[in-house]
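Chemist: Structure file structure-v6.cif, mmCIF, C-alpha atoms, is pasted below:
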```
data_run
loop_
_atom_site.label_atom_id
_atom_site.label_comp_id
_atom_site.auth_asym_id
_atom_site.auth_seq_id
_atom_site.Cartn_x
_atom_site.Cartn_y
_atom_site.Cartn_z
CA MET A 1 -18.12 -13.19 -25.67
CA LEU A 2 -16.53 -11.22 -22.87
CA ARG A 3 -17.41 -7.54 -22.76
CA GLN A 4 -14.71 -4.93 -23.11
CA HIS A 5 -14.71 -2.37 -20.32
CA ASP A 6 -15.44 1.26 -21.12
CA GLY A 7 -12.06 2.92 -21.73
CA ASP A 8 -13.29 6.48 -21.23
CA GLU A 9 -14.93 5.58 -17.93
CA GLN A 10 -11.73 3.89 -16.75
CA LYS A 11 -9.65 6.92 -17.65
CA GLY A 12 -11.88 9.09 -15.53
CA MET A 13 -11.59 6.73 -12.57
CA SER A 14 -7.82 6.41 -12.65
CA GLY A 15 -6.87 9.90 -13.76
CA ASN A 16 -5.04 8.21 -16.65
CA MET A 17 -1.98 7.69 -14.44
CA GLU A 18 0.61 5.17 -15.52
CA LEU A 19 0.66 1.97 -13.51
CA LEU A 20 3.63 0.52 -15.39
CA GLU A 21 6.41 2.48 -17.10
CA VAL A 22 9.17 0.67 -18.99
CA ARG A 23 11.76 3.23 -20.03
CA ASN A 24 14.33 2.29 -22.70
CA VAL A 25 15.10 -1.10 -21.16
CA SER A 26 17.92 -3.19 -22.65
CA LYS A 27 19.42 -6.56 -21.71
CA HIS A 28 22.25 -8.37 -23.49
CA TYR A 29 22.99 -12.08 -23.62
CA LYS A 30 25.53 -13.98 -25.71
CA ASN A 31 23.10 -14.74 -28.55
CA PHE A 32 20.25 -12.31 -27.87
CA SER A 33 19.68 -8.68 -27.01
CA LEU A 34 16.62 -6.85 -25.77
CA GLU A 35 16.95 -3.35 -27.16
CA ASN A 36 15.39 -0.10 -25.94
CA ILE A 37 11.98 -1.45 -24.96
CA ASP A 38 9.80 1.53 -24.05
CA PHE A 39 6.09 1.69 -23.20
CA VAL A 40 3.57 2.77 -20.58
CA LEU A 41 0.48 0.97 -19.27
CA PRO A 42 -2.12 3.22 -17.58
CA LYS A 43 -4.13 2.18 -14.55
CA GLY A 44 -7.23 0.15 -15.35
CA TYR A 45 -6.03 -1.44 -18.59
CA ILE A 46 -4.79 -4.74 -20.04
CA MET A 47 -1.80 -4.97 -22.37
CA GLY A 48 -1.16 -7.94 -24.64
CA TYR A 49 2.59 -8.55 -25.01
CA VAL A 50 3.05 -10.68 -28.12
CA GLY A 51 5.78 -12.20 -30.26
CA GLN A 52 7.33 -15.50 -31.26
CA ASN A 53 9.22 -17.79 -28.89
CA GLY A 54 12.60 -16.21 -28.25
CA ALA A 55 11.42 -12.70 -29.21
CA GLY A 56 12.07 -11.28 -25.74
CA LYS A 57 8.66 -11.49 -24.06
CA SER A 58 9.76 -13.44 -20.98
CA THR A 59 12.96 -11.41 -20.69
CA THR A 60 10.91 -8.21 -20.56
CA LEU A 61 8.49 -9.63 -17.99
CA ASN A 62 11.38 -10.99 -15.89
CA ILE A 63 12.89 -7.50 -15.82
CA ILE A 64 9.54 -6.00 -14.77
CA THR A 65 9.23 -8.53 -11.93
CA ASN A 66 12.92 -8.04 -11.04
CA ILE A 67 13.74 -11.71 -11.63
CA CYS A 68 16.59 -10.40 -13.76
CA LYS A 69 18.22 -6.98 -14.06
CA CYS A 70 18.35 -4.75 -17.10
CA VAL A 71 21.71 -3.25 -18.14
CA GLU A 72 20.07 -0.02 -19.27
CA GLY A 73 16.77 1.72 -18.56
CA GLU A 74 14.29 1.82 -15.69
CA VAL A 75 11.01 0.15 -14.74
CA TYR A 76 8.44 1.94 -12.58
CA VAL A 77 5.48 0.16 -10.99
CA ASN A 78 2.93 2.49 -9.42
CA GLY A 79 5.49 5.27 -9.48
CA ILE A 80 8.52 3.57 -7.88
CA THR A 81 11.50 1.50 -9.02
CA CYS A 82 12.70 -1.64 -7.31
CA ALA A 83 15.91 0.18 -6.33
CA GLU A 84 13.89 2.85 -4.49
CA ASP A 85 11.81 0.43 -2.40
CA ALA A 86 12.26 -3.26 -3.20
CA VAL A 87 9.72 -4.53 -0.66
CA ARG A 88 6.90 -2.22 -1.77
CA TYR A 89 7.76 -2.74 -5.47
CA LYS A 90 7.47 -6.53 -5.15
CA GLU A 91 4.30 -6.24 -3.08
CA TYR A 92 2.72 -4.37 -5.98
CA ILE A 93 3.33 -7.23 -8.44
CA GLY A 94 1.47 -10.51 -8.83
CA TYR A 95 3.12 -13.01 -11.20
CA ILE A 96 1.67 -16.12 -12.88
CA GLY A 97 3.71 -18.05 -15.44
CA ASP A 98 3.25 -21.16 -17.54
CA GLU A 99 5.23 -23.18 -15.00
CA PHE A 100 3.92 -23.92 -11.50
CA TYR A 101 6.29 -22.31 -9.00
CA TYR A 102 5.46 -24.14 -5.74
CA PRO A 103 7.34 -27.30 -4.60
CA ASP A 104 5.64 -30.57 -5.56
CA ASN A 105 5.36 -31.85 -1.98
CA PHE A 106 3.53 -28.74 -0.73
CA THR A 107 -0.16 -28.65 0.14
CA VAL A 108 -2.50 -25.68 0.00
CA LYS A 109 -2.01 -25.32 3.76
CA ASN A 110 1.80 -25.07 3.31
CA ILE A 111 1.38 -22.38 0.66
CA ARG A 112 -1.04 -20.43 2.82
CA GLY A 113 1.52 -20.36 5.65
CA ILE A 114 4.34 -19.17 3.40
CA LEU A 115 2.26 -16.39 1.86
CA LYS A 116 1.10 -15.24 5.28
CA ASN A 117 4.69 -14.93 6.50
CA PHE A 118 6.10 -13.44 3.30
CA TYR A 119 3.60 -10.78 2.16
CA THR A 120 2.29 -8.11 4.51
CA THR A 121 -0.85 -7.55 2.40
CA PHE A 122 -1.76 -11.25 2.18
CA SER A 123 -5.31 -12.02 3.36
CA PRO A 124 -5.71 -15.61 4.64
CA GLU A 125 -9.50 -15.13 4.59
CA LYS A 126 -9.51 -14.14 0.91
CA PHE A 127 -7.17 -17.02 0.07
CA ASP A 128 -9.41 -19.53 1.88
CA GLU A 129 -12.45 -18.08 0.11
CA LEU A 130 -10.89 -18.61 -3.33
CA VAL A 131 -9.59 -22.08 -2.46
CA LYS A 132 -13.08 -23.09 -1.37
CA LYS A 133 -14.73 -21.46 -4.40
CA TRP A 134 -12.44 -23.33 -6.80
CA LYS A 135 -12.67 -26.61 -4.86
CA LEU A 136 -8.91 -26.94 -4.34
CA SER A 137 -8.10 -29.76 -1.94
CA ASP A 138 -6.15 -28.72 1.15
CA LYS A 139 -5.00 -32.33 1.68
CA MET A 140 -3.61 -33.26 -1.75
CA LYS A 141 -0.03 -32.49 -2.61
CA VAL A 142 0.12 -29.95 -5.40
CA LYS A 143 2.05 -32.36 -7.63
CA ASP A 144 -1.25 -34.25 -7.99
CA PHE A 145 -3.18 -31.14 -9.09
CA SER A 146 -4.29 -30.81 -12.70
CA ARG A 147 -2.93 -27.96 -14.84
CA GLY A 148 -6.18 -26.03 -14.30
CA MET A 149 -6.06 -26.53 -10.53
CA LYS A 150 -2.46 -25.29 -10.42
CA VAL A 151 -3.40 -22.13 -12.35
CA LYS A 152 -6.31 -21.51 -9.96
CA LEU A 153 -3.97 -21.93 -6.98
CA MET A 154 -1.54 -19.39 -8.43
CA PHE A 155 -4.42 -16.98 -8.99
CA ALA A 156 -5.61 -17.53 -5.41
CA SER A 157 -2.09 -16.69 -4.20
CA VAL A 158 -2.04 -13.45 -6.20
CA LEU A 159 -5.64 -12.29 -5.74
CA SER A 160 -5.44 -12.67 -1.96
CA ARG A 161 -2.77 -9.93 -1.89
CA ASP A 162 -3.10 -6.19 -2.45
CA THR A 163 -1.24 -6.12 -5.77
CA LYS A 164 -1.41 -3.38 -8.42
CA LEU A 165 0.11 -5.11 -11.48
CA LEU A 166 -0.70 -8.62 -12.64
CA VAL A 167 2.02 -10.11 -14.86
CA LEU A 168 0.94 -13.20 -16.81
CA ASP A 169 3.58 -15.05 -18.84
CA GLU A 170 1.84 -17.68 -21.01
CA ALA A 171 -0.37 -18.47 -18.01
CA THR A 172 -3.17 -19.90 -20.20
CA ASN A 173 -0.91 -22.50 -21.88
CA GLY A 174 -2.45 -25.96 -21.78
CA LEU A 175 -5.77 -24.84 -20.35
CA ASP A 176 -9.07 -26.05 -21.75
CA PRO A 177 -11.36 -23.42 -23.34
CA VAL A 178 -13.62 -23.18 -20.28
CA MET A 179 -10.69 -22.50 -17.95
CA ARG A 180 -9.21 -19.98 -20.39
CA VAL A 181 -12.48 -18.02 -20.38
CA GLU A 182 -12.39 -18.10 -16.56
CA VAL A 183 -8.86 -16.65 -16.56
CA LEU A 184 -9.89 -13.87 -18.95
CA ARG A 185 -12.82 -13.05 -16.67
CA LEU A 186 -10.50 -12.90 -13.65
CA MET A 187 -8.28 -10.41 -15.49
CA GLN A 188 -11.22 -8.15 -16.25
CA GLU A 189 -12.41 -8.32 -12.65
CA TYR A 190 -8.88 -7.50 -11.47
CA ILE A 191 -8.81 -4.16 -13.33
CA ALA A 192 -12.46 -3.27 -12.71
CA ASP A 193 -11.74 -0.66 -10.01
CA GLY A 194 -9.58 1.34 -12.43
CA GLU A 195 -6.56 1.21 -10.10
CA ARG A 196 -4.85 -1.97 -11.29
CA SER A 197 -3.47 -3.22 -14.60
CA VAL A 198 -2.45 -6.44 -16.38
CA ILE A 199 0.36 -7.24 -18.80
CA PHE A 200 -0.40 -10.52 -20.51
CA SER A 201 1.97 -12.54 -22.72
CA THR A 202 0.25 -15.25 -24.76
CA HIS A 203 0.38 -17.12 -28.06
CA ILE A 204 -3.42 -17.36 -28.11
CA LEU A 205 -4.02 -14.02 -29.78
CA SER A 206 -7.78 -14.55 -30.03
CA ASP A 207 -7.83 -14.09 -26.24
CA LEU A 208 -6.32 -10.64 -26.70
CA GLU A 209 -9.04 -9.74 -29.22
CA GLN A 210 -11.51 -10.08 -26.35
CA ILE A 211 -9.79 -8.32 -23.47
CA ALA A 212 -6.67 -6.34 -24.42
CA ASP A 213 -6.71 -2.55 -24.53
CA TYR A 214 -3.11 -2.22 -25.79
CA ILE A 215 -0.92 -4.45 -27.93
CA PHE A 216 2.88 -4.50 -27.83
CA PHE A 217 4.50 -6.66 -30.53
CA ILE A 218 8.15 -7.58 -30.04
CA HIS A 219 10.39 -9.36 -32.56
CA ASP A 220 14.08 -10.27 -32.13
CA GLY A 221 14.25 -8.13 -28.99
CA LYS A 222 12.95 -4.99 -30.68
CA LYS A 223 9.61 -3.17 -30.67
CA VAL A 224 7.64 -3.64 -33.89
CA LEU A 225 4.20 -2.31 -32.96
CA TYR A 226 2.74 -0.64 -29.88
CA ASP A 227 -0.72 0.92 -29.90
CA ALA A 228 -4.22 0.77 -28.48
CA LYS A 229 -5.80 -2.43 -29.82
CA ASP A 230 -8.71 -0.69 -31.55
CA GLU A 231 -6.36 1.83 -33.17
CA LEU A 232 -4.10 -0.99 -34.33
CA LEU A 233 -6.98 -2.89 -35.91
CA GLU A 234 -8.13 0.25 -37.71
CA SER A 235 -4.61 0.96 -38.98
CA TYR A 236 -4.38 -2.06 -41.29
CA LEU A 237 -6.28 -3.90 -44.00
CA LEU A 238 -6.05 -7.57 -44.91
CA VAL A 239 -5.67 -7.63 -48.70
CA LYS A 240 -6.35 -10.64 -50.94
CA GLY A 241 -6.32 -11.25 -54.67
CA GLU A 242 -4.19 -12.27 -57.63
CA ARG A 243 -0.59 -11.08 -57.85
CA LYS A 244 -1.11 -9.71 -61.36
CA ALA A 245 -3.42 -7.05 -59.86
CA VAL A 246 -0.63 -5.70 -57.64
CA THR A 247 1.14 -2.60 -58.92
CA ALA A 248 4.79 -1.94 -58.16
CA GLU A 249 3.84 0.91 -55.82
CA LEU A 250 1.31 -1.25 -53.95
CA ARG A 251 3.85 -4.08 -53.66
CA ARG A 252 6.24 -1.75 -51.81
CA GLN A 253 3.54 -1.02 -49.20
CA LEU A 254 2.27 -4.56 -48.64
CA ILE A 255 3.51 -6.30 -45.49
CA GLY A 256 4.17 -10.05 -45.28
CA MET A 257 2.88 -10.98 -48.74
CA VAL A 258 2.29 -14.75 -48.99
CA ASP A 259 0.80 -16.99 -51.66
CA ASN A 260 -2.32 -19.04 -51.04
CA ALA A 261 -4.80 -21.10 -53.05
CA TYR A 262 -6.53 -17.96 -54.36
CA GLY A 263 -3.51 -15.81 -55.13
CA PHE A 264 -1.92 -13.84 -52.28
CA GLU A 265 -2.66 -12.36 -48.87
CA ALA A 266 -0.91 -9.44 -47.13
CA ILE A 267 -1.38 -6.57 -44.68
CA LEU A 268 -1.61 -2.98 -45.91
CA PRO A 269 -1.59 0.23 -43.85
CA SER A 270 -5.11 1.71 -44.02
CA ASP A 271 -3.80 5.07 -45.18
CA LYS A 272 -2.52 3.37 -48.35
CA ALA A 273 -5.96 2.04 -49.33
CA ASP A 274 -6.06 4.31 -52.38
CA LEU A 275 -3.43 2.05 -53.98
CA LEU A 276 -5.90 -0.85 -54.14
CA THR A 277 -7.47 -1.73 -57.47
CA SER A 278 -11.00 -3.01 -58.05
CA GLU A 279 -9.60 -6.52 -58.65
CA LEU A 280 -8.40 -6.82 -55.06
CA TYR A 281 -10.38 -7.64 -51.93
CA PHE A 282 -9.81 -6.29 -48.43
CA GLU A 283 -11.24 -6.71 -44.95
CA LYS A 284 -10.48 -5.84 -41.36
CA PRO A 285 -7.68 -8.09 -40.02
CA SER A 286 -7.40 -9.81 -36.65
CA ILE A 287 -4.50 -9.19 -34.27
CA ASP A 288 -3.29 -12.69 -35.17
CA GLN A 289 -3.18 -11.85 -38.88
CA ILE A 290 -1.34 -8.56 -38.32
CA VAL A 291 1.30 -10.26 -36.18
CA VAL A 292 1.72 -13.25 -38.53
CA HIS A 293 2.20 -11.08 -41.61
CA TYR A 294 4.67 -8.81 -39.83
CA ILE A 295 6.69 -11.87 -38.77
CA LYS A 296 6.66 -13.17 -42.36
CA ASP A 297 7.80 -9.75 -43.56
CA LYS A 298 10.69 -9.73 -41.06
CA LYS A 299 11.81 -13.13 -42.33
#
```
Once you've parsed the file, please lay out its structure as structure tokens.
Modeler:
Amino acid sequence: MLRQHDGDEQKGMSGNMELLEVRNVSKHYKNFSLENIDFVLPKGYIMGYVGQNGAGKSTTLNIITNICKCVEGEVYVNGITCAEDAVRYKEYIGYIGDEFYYPDNFTVKNIRGILKNFYTTFSPEKFDELVKKWKLSDKMKVKDFSRGMKVKLMFASVLSRDTKLLVLDEATNGLDPVMRVEVLRLMQEYIADGERSVIFSTHILSDLEQIADYIFFIHDGKKVLYDAKDELLESYLLVKGERKAVTAELRRQLIGMVDNAYGFEAILPSDKADLLTSELYFEKPSIDQIVVHYIKDKK
């Protein structure tokens, strides 16, 4: 089990300043709209950005990285917008997605040369150190790398620069459990100085249980939940039992009620616990369970 960093200690180190500010961002496509997405991520923290495929996760992250433009709103990274200083803004951001973004015929040496010429904060020495540590061949073409090797190479590219915000978009897809744990460890090391932050989109919500400080849940382009992870987990109960034990008032408060072999299961806000009867059972939910029941409720 990975250890969660001490939130209070991190706040003291960073002065609780925002590293990432997304202010009422909207983006409209023919069949989809991202609507008024608004959140802040302080220095020294990790945010899990979760939702179903097509919910708007990648659109949000693409706006943050300036891959696409928003029609409304602003994004600040370390206090500046891309419009104010595009070079510095992009230097602040390190991006790793689920798709490998270097040409197939490149070698590690080719990538090293491009990074050296493109980023002023790139450290060839740090890059070489990581390449050696992770045993990445400098002779093989990257098309012959395994999925895990490609992820390590993308991390080497990012960690050898002086970035402030690490943006991960499904970066752990297809990785074996050992490599996933390694990626989670790298994220925690990245924020350890209290001056950098991570926003992490993933379908593997158990990973977020281990490392996330904040959770943002998006559905159909709209914010559903946004809170500190521990606060979010304390805000809900997972309720189980037979339907006949559910009163009309309780039924109105239950979220995502579904039938199972033993009766039903649903999420209930903790402050409504007094509506529970002695015939019902409850326990602390996981992030996965909260998200799944909210999605079922939306449907």
Chemist: Write out as a PDB file with C-alpha atoms, keeping the file's coordinate frame each polymer residue whose atoms come within 8 Å of A:Lys284, counting only C-alpha atoms; drop sequence neighbours fewer than 2 positions from it.
Modeler:
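What ended up in around.pdb:
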```pdb
ATOM      1  CA  LEU A 233      -6.980  -2.890 -35.910  1.00  0.00           C
ATOM      2  CA  GLU A 234      -8.130   0.250 -37.710  1.00  0.00           C
ATOM      3  CA  TYR A 236      -4.380  -2.060 -41.290  1.00  0.00           C
ATOM      4  CA  LEU A 237      -6.280  -3.900 -44.000  1.00  0.00           C
ATOM      5  CA  LEU A 238      -6.050  -7.570 -44.910  1.00  0.00           C
ATOM      6  CA  PHE A 282      -9.810  -6.290 -48.430  1.00  0.00           C
ATOM      7  CA  SER A 286      -7.400  -9.810 -36.650  1.00  0.00           C
TER       8      SER A 286
END
```
Chemist: From the set A:Asn31, A:Gln210, A:Thr202, A:Ser160, which residue has the shortest atom-to-atom contact distance to A:Tyr190, counting only C-alpha atoms?
Modeler: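 Among the listed residues, A:Ser160 lies closest to A:Tyr190.
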Chemist: Taking all atoms listed in the file into account, name the residue in A:Leu159, A:Val142, A:Arg88, A:Leu184 that is nearest to A:Glu125.
Modeler: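 Closest to A:Glu125, using all atoms listed in the file: A:Leu159.
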Chemist: Separation of atom CA of A:Arg161 and atom CA of A:Ser123, in Å?
Modeler: 6.2 Å
Chemist: So, with all atoms listed in the file as the atoms that count, which of A:Met17, A:Ala245, A:Lys116, A:Leu175 lies closest to A:Gly79?
Modeler: A:Met17
Chemist: Measuring atom to atom with only C-alpha atoms, identify which of A:Asp297, A:Phe32, A:Asp213, A:Phe200 is nearest to A:Arg252.
Modeler: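 Going through A:Asp297, A:Phe32, A:Asp213, A:Phe200 one by one, the smallest distance to A:Arg252 is for A:Asp297.
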Chemist: Would you please work out which residue, of A:Ile37, A:Met154, A:Ala192, A:Ile267, is nearest to A:Ile111 when using only C-alpha atoms?
Modeler: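 For A:Ile111, the nearest of the given residues is A:Met154.
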Chemist: Measuring between only C-alpha atoms, which one of A:Leu34, A:Val198, A:Leu41, A:Cys70 shows the shortest distance to A:Asp227?
Modeler: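 Going through A:Leu34, A:Val198, A:Leu41, A:Cys70 one by one, the smallest distance to A:Asp227 is for A:Leu41.
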Chemist: For the PyMOL selection byres ((chain A and resi 199) around 7), applied here, can you spell out every residue it catches as a list in words?
Modeler: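 Residues picked by the PyMOL selection byres ((chain A and resi 199) around 7): Ile46, Met47, Gly48, Tyr49, Leu166, Val167, Leu168, Ser197, Val198, Phe200 and Ser201 of chain A.
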Chemist: Produce a file of the selected residues containing C-alpha atoms, as a PDB file, in the frame of the given file.
Modeler:
```pdb
ATOM      1  CA  ILE A  46      -4.790  -4.740 -20.040  1.00  0.00           C
ATOM      2  CA  MET A  47      -1.800  -4.970 -22.370  1.00  0.00           C
ATOM      3  CA  GLY A  48      -1.160  -7.940 -24.640  1.00  0.00           C
ATOM      4  CA  TYR A  49       2.590  -8.550 -25.010  1.00  0.00           C
ATOM      5  CA  LEU A 166      -0.700  -8.620 -12.640  1.00  0.00           C
ATOM      6  CA  VAL A 167       2.020 -10.110 -14.860  1.00  0.00           C
ATOM      7  CA  LEU A 168       0.940 -13.200 -16.810  1.00  0.00           C
ATOM      8  CA  SER A 197      -3.470  -3.220 -14.600  1.00  0.00           C
ATOM      9  CA  VAL A 198      -2.450  -6.440 -16.380  1.00  0.00           C
ATOM     10  CA  PHE A 200      -0.400 -10.520 -20.510  1.00  0.00           C
ATOM     11  CA  SER A 201       1.970 -12.540 -22.720  1.00  0.00           C
TER      12      SER A 201
END
```
Chemist: Here's the selection I'm unsure about, the PyMOL selection byres ((chain A and resi 218) around 10); applied to the file above, which residues does it give, as a PyMOL selection string?
Modeler: chain A and resi 34+37+49-52+54-57+60+215-217+219-226+291+295
